[in-house]
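Peer 1: Take a look at this one; I'll ask things after.
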Amino acid sequence: MPNVLKILSKKTNPLFGKSEIILSIRYGRDMVLRAKTHLFIHPKYFEFQKEGHVVLGEVVVKSRISSPEVIQAKEVRNKIEEMCRLFEDRISEEKPENITPDWLQKQVDLYVYGDISSKETVAVKPKSFFDHFDDYLAVSQFSESRRKHFLVLYRALQRYGLYRKYEISFDTFAPAIVADFERFLRKEHTFFVEDKKAAGKDTKPDVAILVPVPKYEAIFEKFPECRVPKQRGDNYIKGLLIILRTFFIWANKTGKTQCNPFSERQIKDGIYGTPVFITDDERRQIYETDLSYDTRLEQQRDIFIFQCLIGCRISDLYSMRRSNIITEKTSKGDRKCISYIPRKTKDGNPITVHVPLNATALEILKKYDYMKNEVLVDNRYSRENISKAIKDKTQTSISDAPLFPLIAQQRYNEYIKEVFKACGITRVVSVINPTTGEIEQKSIADLASSHLARRTFVGNLYNKVQDPNLVGSLSGHKEGSRAFARYRTINIDIKADLIDKL
């Protein structure tokens, strides 16, 4: 029986440092069949044995450490051994007239790519791990922010594969790989160093920018982020692992793989502190403070207070139009409400949220009643869009007019911090540092943001009526949401009343 011999190609991939394994069979006296296996391995896992002028060898993996490289090397070894046994049996059973110079290559391609048409030989490359990830992103209905989170994970996995010189696949994605990927996420920020020379002309003096170390430079250039990765917190990393688990669950359900490294590895819940929000009195203080000396500050203060009174997310607030204000009939007469479908639920299980507007919210809306005549443009992100709309005299209906003079979301958050300081809302609160997990004391003004408005709405309502389903119907939280567990705290007024009774 002819023996299948293994040869390691002299060509090495400069990025991965791996070489392709080639199979060879001597058939009869004059014919030598060769075939590329499409399987690559690091030369250190190939033990060479000279036979004449040909450098032969065996794939040998002695290491007991389950590193990504070792796991893949064992996977390659097992596939090569299976190929050799299979082709030795087939060639001994094959008729001599069917043994052509390309017989072995056809057998390898059939093994790797599956059945080949008898009329036309078409090498169909099997889908990679990332091809399946692309399919998942294409068929899944995510909000834009969640899609961006998945893409962060996608690029991190690509960089991890290059860093470890490891081709990520379903078959080799073992629990040990998940653990190693987690370690990579925790230390990726250390692959960058300060470089003052790389700073441009517009950079302030003595300010250095971060650049990747030489070993990581090619990797980060191939799969970059819009900014250099900072030290990642425990909750953020757990969030990335959770969405990676979600992808594997989809792959299992759709028959893409039977592998699920998370079946043996649990992800612990994130650690969150008690939500920080302002009281009703602090909210009134902010609204009643005279900020007329700064029109932009006053406008953003009003928008923030309105958000505190309806509890929506920033993305929903920026999408609201005059048409979202409706009139509902109640037992006490007609009541103006804001009606919207939260973007977070729009594509999955859409729910319509109706929030009655109180006197302060109506007063704010009336103050900006002039906005109904404004041109509707995407003024959150691009001055170019605004200029174009004004130049083209874009028409809009009153129902589609924006509620407020909106600015970029990042600038909105910056103005909120200024508003808090201008209104004297600077009390110190205890928070958990998301990166280190340590408890820190900070001014609430430094923590102020658009999401604090949503927490203020939910927190104050929940302190009054501790019914998560009732509050959730106003905030857009789904029924049974675990978010309310963090609001289940006894406020200081209740504690003081109890102590006074002693």
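Residue names in the structure tokens use chain letters A, B, ... in the order shown, residue numbers from 1 in each chain, and ligand numbers from 1 in the order shown.
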Quick one: residues within 12 Å of Arg64 (chain A), only C-alpha atoms, excluding same-chain residues fewer than 6 positions away - as a PyMOL selection string?

Peer 2: chain A and resi 70-71+73-74

Peer 1: Leaving out region 38-49 of chain A and any residue of its chain fewer than 6 positions from it, which residues lie within 7 Å of it when counting only C-alpha atoms, given as a list of chain:residue names?

Peer 2: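 Near neighbours after the sequence-gap exclusion: A:Gly17, A:Lys18, A:Ser19, A:Glu20, A:Ile21, A:Val55, A:Leu56, A:Gly57, A:Glu58, A:Val59, A:Val60, A:Val61, A:Ala73, A:Val76.
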
Peer 1: Write the selection just made, keeping all heavy atoms, as a short mmCIF file (atom, residue, chain, number, x, y, z; two decimals), in the first residue's frame?

Peer 2:
data_model
loop_
_atom_site.label_atom_id
_atom_site.label_comp_id
_atom_site.auth_asym_id
_atom_site.auth_seq_id
_atom_site.Cartn_x
_atom_site.Cartn_y
_atom_site.Cartn_z
N GLY A 17 3.30 33.58 10.31
CA GLY A 17 4.49 32.77 10.57
C GLY A 17 4.24 31.29 10.37
O GLY A 17 4.94 30.45 10.95
N LYS A 18 3.25 30.93 9.52
CA LYS A 18 2.89 29.52 9.32
C LYS A 18 3.14 29.11 7.87
O LYS A 18 3.16 29.95 6.97
CB LYS A 18 1.43 29.29 9.68
CG LYS A 18 1.12 29.54 11.16
CD LYS A 18 -0.34 29.32 11.47
CE LYS A 18 -0.63 29.60 12.94
NZ LYS A 18 -2.06 29.40 13.27
N SER A 19 3.30 27.80 7.69
CA SER A 19 3.55 27.24 6.35
C SER A 19 2.51 26.17 6.06
O SER A 19 1.99 25.52 6.98
CB SER A 19 4.95 26.65 6.27
OG SER A 19 5.92 27.64 6.55
N GLU A 20 2.25 25.98 4.77
CA GLU A 20 1.24 24.99 4.37
C GLU A 20 1.83 23.59 4.35
O GLU A 20 3.00 23.39 3.99
CB GLU A 20 0.70 25.35 2.99
CG GLU A 20 -0.47 24.48 2.56
CD GLU A 20 -1.08 24.92 1.24
OE1 GLU A 20 -0.42 25.70 0.50
OE2 GLU A 20 -2.20 24.49 0.94
N ILE A 21 1.02 22.61 4.74
CA ILE A 21 1.44 21.21 4.69
C ILE A 21 1.06 20.63 3.32
O ILE A 21 -0.07 20.82 2.85
CB ILE A 21 0.79 20.39 5.82
CG1 ILE A 21 1.26 20.91 7.18
CG2 ILE A 21 1.11 18.91 5.68
CD1 ILE A 21 0.59 20.26 8.35
N VAL A 55 12.60 16.96 2.01
CA VAL A 55 12.47 17.16 3.45
C VAL A 55 11.06 16.77 3.88
O VAL A 55 10.09 17.50 3.63
CB VAL A 55 12.76 18.63 3.85
CG1 VAL A 55 12.64 18.79 5.36
CG2 VAL A 55 14.13 19.04 3.38
N LEU A 56 10.96 15.61 4.49
CA LEU A 56 9.67 15.11 4.95
C LEU A 56 9.54 15.34 6.45
O LEU A 56 10.45 15.87 7.09
CB LEU A 56 9.54 13.62 4.63
CG LEU A 56 9.79 13.21 3.18
CD1 LEU A 56 9.76 11.69 3.05
CD2 LEU A 56 8.76 13.84 2.27
N GLY A 57 8.44 14.90 7.03
CA GLY A 57 8.30 15.06 8.47
C GLY A 57 6.93 14.66 8.96
O GLY A 57 6.11 14.11 8.23
N GLU A 58 6.70 14.95 10.24
CA GLU A 58 5.44 14.64 10.91
C GLU A 58 5.00 15.85 11.73
O GLU A 58 5.84 16.60 12.25
CB GLU A 58 5.60 13.43 11.84
CG GLU A 58 5.89 12.12 11.13
CD GLU A 58 4.70 11.58 10.37
OE1 GLU A 58 3.55 11.96 10.71
OE2 GLU A 58 4.91 10.78 9.44
N VAL A 59 3.69 16.00 11.86
CA VAL A 59 3.16 17.04 12.73
C VAL A 59 3.17 16.49 14.15
O VAL A 59 2.51 15.49 14.45
CB VAL A 59 1.72 17.44 12.32
CG1 VAL A 59 1.20 18.53 13.27
CG2 VAL A 59 1.69 17.92 10.89
N VAL A 60 3.92 17.13 15.03
CA VAL A 60 4.08 16.66 16.40
C VAL A 60 3.76 17.81 17.36
O VAL A 60 4.38 18.88 17.29
CB VAL A 60 5.51 16.15 16.68
CG1 VAL A 60 5.64 15.71 18.13
CG2 VAL A 60 5.85 15.02 15.72
N VAL A 61 2.78 17.60 18.23
CA VAL A 61 2.39 18.62 19.22
C VAL A 61 2.55 17.99 20.60
O VAL A 61 1.76 17.16 21.01
CB VAL A 61 0.95 19.10 19.01
CG1 VAL A 61 0.63 20.24 19.96
CG2 VAL A 61 0.72 19.53 17.57
N ALA A 73 -2.95 23.67 16.32
CA ALA A 73 -1.95 22.73 15.83
C ALA A 73 -2.45 21.28 15.97
O ALA A 73 -2.25 20.46 15.06
CB ALA A 73 -0.64 22.91 16.58
N VAL A 76 -5.03 20.64 13.25
CA VAL A 76 -4.38 20.40 11.96
C VAL A 76 -3.78 18.99 11.92
O VAL A 76 -3.94 18.26 10.93
CB VAL A 76 -3.29 21.46 11.69
CG1 VAL A 76 -2.44 21.07 10.48
CG2 VAL A 76 -3.92 22.83 11.47
#

Peer 1: Just asking: which residues within region 150-283 of chain A are strand (DSSP E) according to DSSP, as a PyMOL selection string?

Peer 2: chain A and resi 192-195+209-212

Peer 1: Extract, using only C-alpha atoms, all DNA, RNA and protein residues at most 8 Å from Ser473 (chain A), discarding same-chain residues fewer than 4 positions from it, and format them as a list in words.

Peer 2: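 Here the qualifying residues turn out to be Val353, His354, Asn469, His477 and Lys478 of chain A.
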
Peer 1: Please produce a file of the residues just selected, as a PDB file, in the first residue's frame, where the atoms kept are all heavy atoms.

Peer 2:
ATOM      1  N   VAL A 353     -45.111  53.584  23.891  1.00  0.00           N
ATOM      2  CA  VAL A 353     -45.095  54.192  25.219  1.00  0.00           C
ATOM      3  C   VAL A 353     -45.866  55.503  25.169  1.00  0.00           C
ATOM      4  O   VAL A 353     -45.646  56.339  24.284  1.00  0.00           O
ATOM      5  CB  VAL A 353     -43.638  54.456  25.686  1.00  0.00           C
ATOM      6  CG1 VAL A 353     -43.637  55.169  27.035  1.00  0.00           C
ATOM      7  CG2 VAL A 353     -42.866  53.147  25.767  1.00  0.00           C
ATOM      8  N   HIS A 354     -46.799  55.675  26.118  1.00  0.00           N
ATOM      9  CA  HIS A 354     -47.560  56.917  26.247  1.00  0.00           C
ATOM     10  C   HIS A 354     -47.220  57.525  27.604  1.00  0.00           C
ATOM     11  O   HIS A 354     -47.441  56.891  28.634  1.00  0.00           O
ATOM     12  CB  HIS A 354     -49.071  56.670  26.167  1.00  0.00           C
ATOM     13  CG  HIS A 354     -49.520  56.075  24.861  1.00  0.00           C
ATOM     14  ND1 HIS A 354     -49.708  56.824  23.731  1.00  0.00           N
ATOM     15  CD2 HIS A 354     -49.799  54.793  24.515  1.00  0.00           C
ATOM     16  CE1 HIS A 354     -50.098  56.029  22.739  1.00  0.00           C
ATOM     17  NE2 HIS A 354     -50.158  54.790  23.192  1.00  0.00           N
ATOM     18  N   ASN A 469     -43.753  47.193  36.888  1.00  0.00           N
ATOM     19  CA  ASN A 469     -44.523  47.108  35.646  1.00  0.00           C
ATOM     20  C   ASN A 469     -45.192  48.437  35.315  1.00  0.00           C
ATOM     21  O   ASN A 469     -45.277  48.833  34.151  1.00  0.00           O
ATOM     22  CB  ASN A 469     -45.569  45.997  35.732  1.00  0.00           C
ATOM     23  CG  ASN A 469     -44.931  44.619  35.768  1.00  0.00           C
ATOM     24  OD1 ASN A 469     -43.813  44.430  35.269  1.00  0.00           O
ATOM     25  ND2 ASN A 469     -45.596  43.662  36.374  1.00  0.00           N
ATOM     26  N   HIS A 477     -39.223  50.186  29.733  1.00  0.00           N
ATOM     27  CA  HIS A 477     -38.560  48.949  30.148  1.00  0.00           C
ATOM     28  C   HIS A 477     -39.497  47.776  29.893  1.00  0.00           C
ATOM     29  O   HIS A 477     -40.714  47.884  30.091  1.00  0.00           O
ATOM     30  CB  HIS A 477     -38.213  48.985  31.640  1.00  0.00           C
ATOM     31  CG  HIS A 477     -37.020  49.837  31.963  1.00  0.00           C
ATOM     32  ND1 HIS A 477     -37.130  51.140  32.371  1.00  0.00           N
ATOM     33  CD2 HIS A 477     -35.683  49.561  31.928  1.00  0.00           C
ATOM     34  CE1 HIS A 477     -35.924  51.644  32.593  1.00  0.00           C
ATOM     35  NE2 HIS A 477     -35.024  50.703  32.332  1.00  0.00           N
ATOM     36  N   LYS A 478     -38.935  46.651  29.477  1.00  0.00           N
ATOM     37  CA  LYS A 478     -39.772  45.489  29.254  1.00  0.00           C
ATOM     38  C   LYS A 478     -40.202  44.894  30.593  1.00  0.00           C
ATOM     39  O   LYS A 478     -39.535  45.081  31.618  1.00  0.00           O
ATOM     40  CB  LYS A 478     -39.046  44.440  28.411  1.00  0.00           C
ATOM     41  CG  LYS A 478     -37.811  43.836  29.060  1.00  0.00           C
ATOM     42  CD  LYS A 478     -37.157  42.839  28.117  1.00  0.00           C
ATOM     43  CE  LYS A 478     -35.939  42.191  28.767  1.00  0.00           C
ATOM     44  NZ  LYS A 478     -35.276  41.225  27.885  1.00  0.00           N
TER      45      LYS A 478
END

Peer 1: Please report, as an MDAnalysis selection string, each residue of region 136-277 of chain A to which DSSP assigns alpha helix (DSSP H) when run on this structure's backbone.

Peer 2: chainID A and resid 136:139 144:163 175:187 214:222 234:253

Peer 1: Tell me, as a ChimeraX atom specification, which residues lie within 12 Å of Tyr412 (chain A), counting only C-alpha atoms; anything in the same chain fewer than 4 positions away does not count.

Peer 2: /A:296-304,314,317-318,380-381,405-408,416-419,448-451

Peer 1: Would you mind telling me which residue in A:Lys127, A:Ser475, A:Val152, A:Thr257 lies nearest to Pro224 (chain A) when using only C-alpha atoms?

Peer 2: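 Answer, going by the shortest atom-to-atom distance: A:Val152.
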
Peer 1: Which one of A:Ile25, A:Ile364, A:Ala453, A:Val178 sits closest to Phe262 (chain A) if you count only C-alpha atoms?

Peer 2: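 Nearest candidate to Phe262 (chain A) out of A:Ile25, A:Ile364, A:Ala453, A:Val178: A:Val178.
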
Peer 1: Determine, using only C-alpha atoms, which residues of region 429-459 of chain A have any atom at most 10 Å from an atom of region 272-289 of chain A, and tabulate each with its shortest atom pair and distance in Å to one decimal place, rows ordered by chain and then rising number, as JSON lines.

Peer 2:
{"residue": "A:Val429", "atom": "CA", "partner": "A:Val276", "partner_atom": "CA", "distance": 7.7}
{"residue": "A:Ser430", "atom": "CA", "partner": "A:Gly273", "partner_atom": "CA", "distance": 8.6}
{"residue": "A:Val431", "atom": "CA", "partner": "A:Gly273", "partner_atom": "CA", "distance": 6.4}
{"residue": "A:Ile432", "atom": "CA", "partner": "A:Gly273", "partner_atom": "CA", "distance": 6.0}
{"residue": "A:Asn433", "atom": "CA", "partner": "A:Gly273", "partner_atom": "CA", "distance": 9.5}
{"residue": "A:Pro434", "atom": "CA", "partner": "A:Tyr272", "partner_atom": "CA", "distance": 8.5}
{"residue": "A:Gly437", "atom": "CA", "partner": "A:Tyr272", "partner_atom": "CA", "distance": 9.1}
{"residue": "A:Ile439", "atom": "CA", "partner": "A:Gly273", "partner_atom": "CA", "distance": 8.9}
{"residue": "A:Ile444", "atom": "CA", "partner": "A:Val276", "partner_atom": "CA", "distance": 8.0}
{"residue": "A:Leu447", "atom": "CA", "partner": "A:Val276", "partner_atom": "CA", "distance": 8.6}
{"residue": "A:Ala448", "atom": "CA", "partner": "A:Phe277", "partner_atom": "CA", "distance": 8.7}
{"residue": "A:His451", "atom": "CA", "partner": "A:Phe277", "partner_atom": "CA", "distance": 9.4}
{"residue": "A:Leu452", "atom": "CA", "partner": "A:Phe277", "partner_atom": "CA", "distance": 5.9}
{"residue": "A:Ala453", "atom": "CA", "partner": "A:Phe277", "partner_atom": "CA", "distance": 7.5}
{"residue": "A:Arg454", "atom": "CA", "partner": "A:Phe277", "partner_atom": "CA", "distance": 8.6}
{"residue": "A:Arg455", "atom": "CA", "partner": "A:Phe277", "partner_atom": "CA", "distance": 5.8}
{"residue": "A:Thr456", "atom": "CA", "partner": "A:Phe277", "partner_atom": "CA", "distance": 4.8}
{"residue": "A:Phe457", "atom": "CA", "partner": "A:Phe277", "partner_atom": "CA", "distance": 8.5}
{"residue": "A:Val458", "atom": "CA", "partner": "A:Phe277", "partner_atom": "CA", "distance": 9.1}
{"residue": "A:Gly459", "atom": "CA", "partner": "A:Phe277", "partner_atom": "CA", "distance": 6.9}

Peer 1: Could you name the residues that touch Thr246 (chain A) at 12 Å or less, counting only C-alpha atoms, but leaving out those on the same chain fewer than 3 positions away, as a list of chain:residue names?

Peer 2: A:Phe133, A:Tyr136, A:Leu137, A:Ser140, A:Phe150, A:Leu153, A:Gly239, A:Leu240, A:Leu241, A:Ile242, A:Ile243, A:Ile249, A:Trp250, A:Ala251, A:Asn252, A:Lys253, A:Asn260, A:Pro261, A:Phe262, A:Ser263

Peer 1: Using only C-alpha atoms, which residues sit within 12 Å of Val228 (chain A) once same-chain residues fewer than 3 positions away are excluded, as a list in words?

Peer 2: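 So the residues in contact are Glu188, His189, Thr190, Phe191, Phe192, Val193, Glu194, Ile209, Leu210, Val211, Pro212, Glu217, Phe220, Glu221, Phe223, Pro224, Glu225, Gln231 and Arg232 of chain A.
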
Peer 1: With C-alpha atoms retained, write the just-selected residues as a short mmCIF file (atom, residue, chain, number, x, y, z; two decimals), in the first residue's frame.

Peer 2:
data_model
loop_
_atom_site.label_atom_id
_atom_site.label_comp_id
_atom_site.auth_asym_id
_atom_site.auth_seq_id
_atom_site.Cartn_x
_atom_site.Cartn_y
_atom_site.Cartn_z
CA GLU A 188 -4.87 45.36 24.71
CA HIS A 189 -4.47 48.95 25.95
CA THR A 190 -0.90 48.07 27.02
CA PHE A 191 0.08 47.52 23.36
CA PHE A 192 0.25 51.29 22.86
CA VAL A 193 2.92 53.77 23.94
CA GLU A 194 3.22 57.55 23.97
CA ILE A 209 -0.35 60.61 21.25
CA LEU A 210 -0.60 56.86 21.66
CA VAL A 211 0.77 54.64 18.91
CA PRO A 212 0.94 50.84 18.74
CA GLU A 217 1.44 48.06 14.53
CA PHE A 220 -3.92 47.56 14.48
CA GLU A 221 -3.47 49.05 11.00
CA PHE A 223 -8.23 46.16 11.94
CA PRO A 224 -8.25 49.62 13.52
CA GLU A 225 -10.64 51.34 15.90
CA GLN A 231 -8.29 50.08 29.67
CA ARG A 232 -11.53 48.11 29.61
#

Peer 1: Any idea what's packed within 9 Å of region 101-110 of chain A, counting only C-alpha atoms, ignoring anything in its chain fewer than 2 positions away? Could you give it as JSON, numbers by chain?

Peer 2: {"A": [23, 24, 25, 31, 32, 33, 34, 35, 36, 37, 38, 83, 87, 91, 98, 99, 112, 113, 114, 115, 116, 123]}
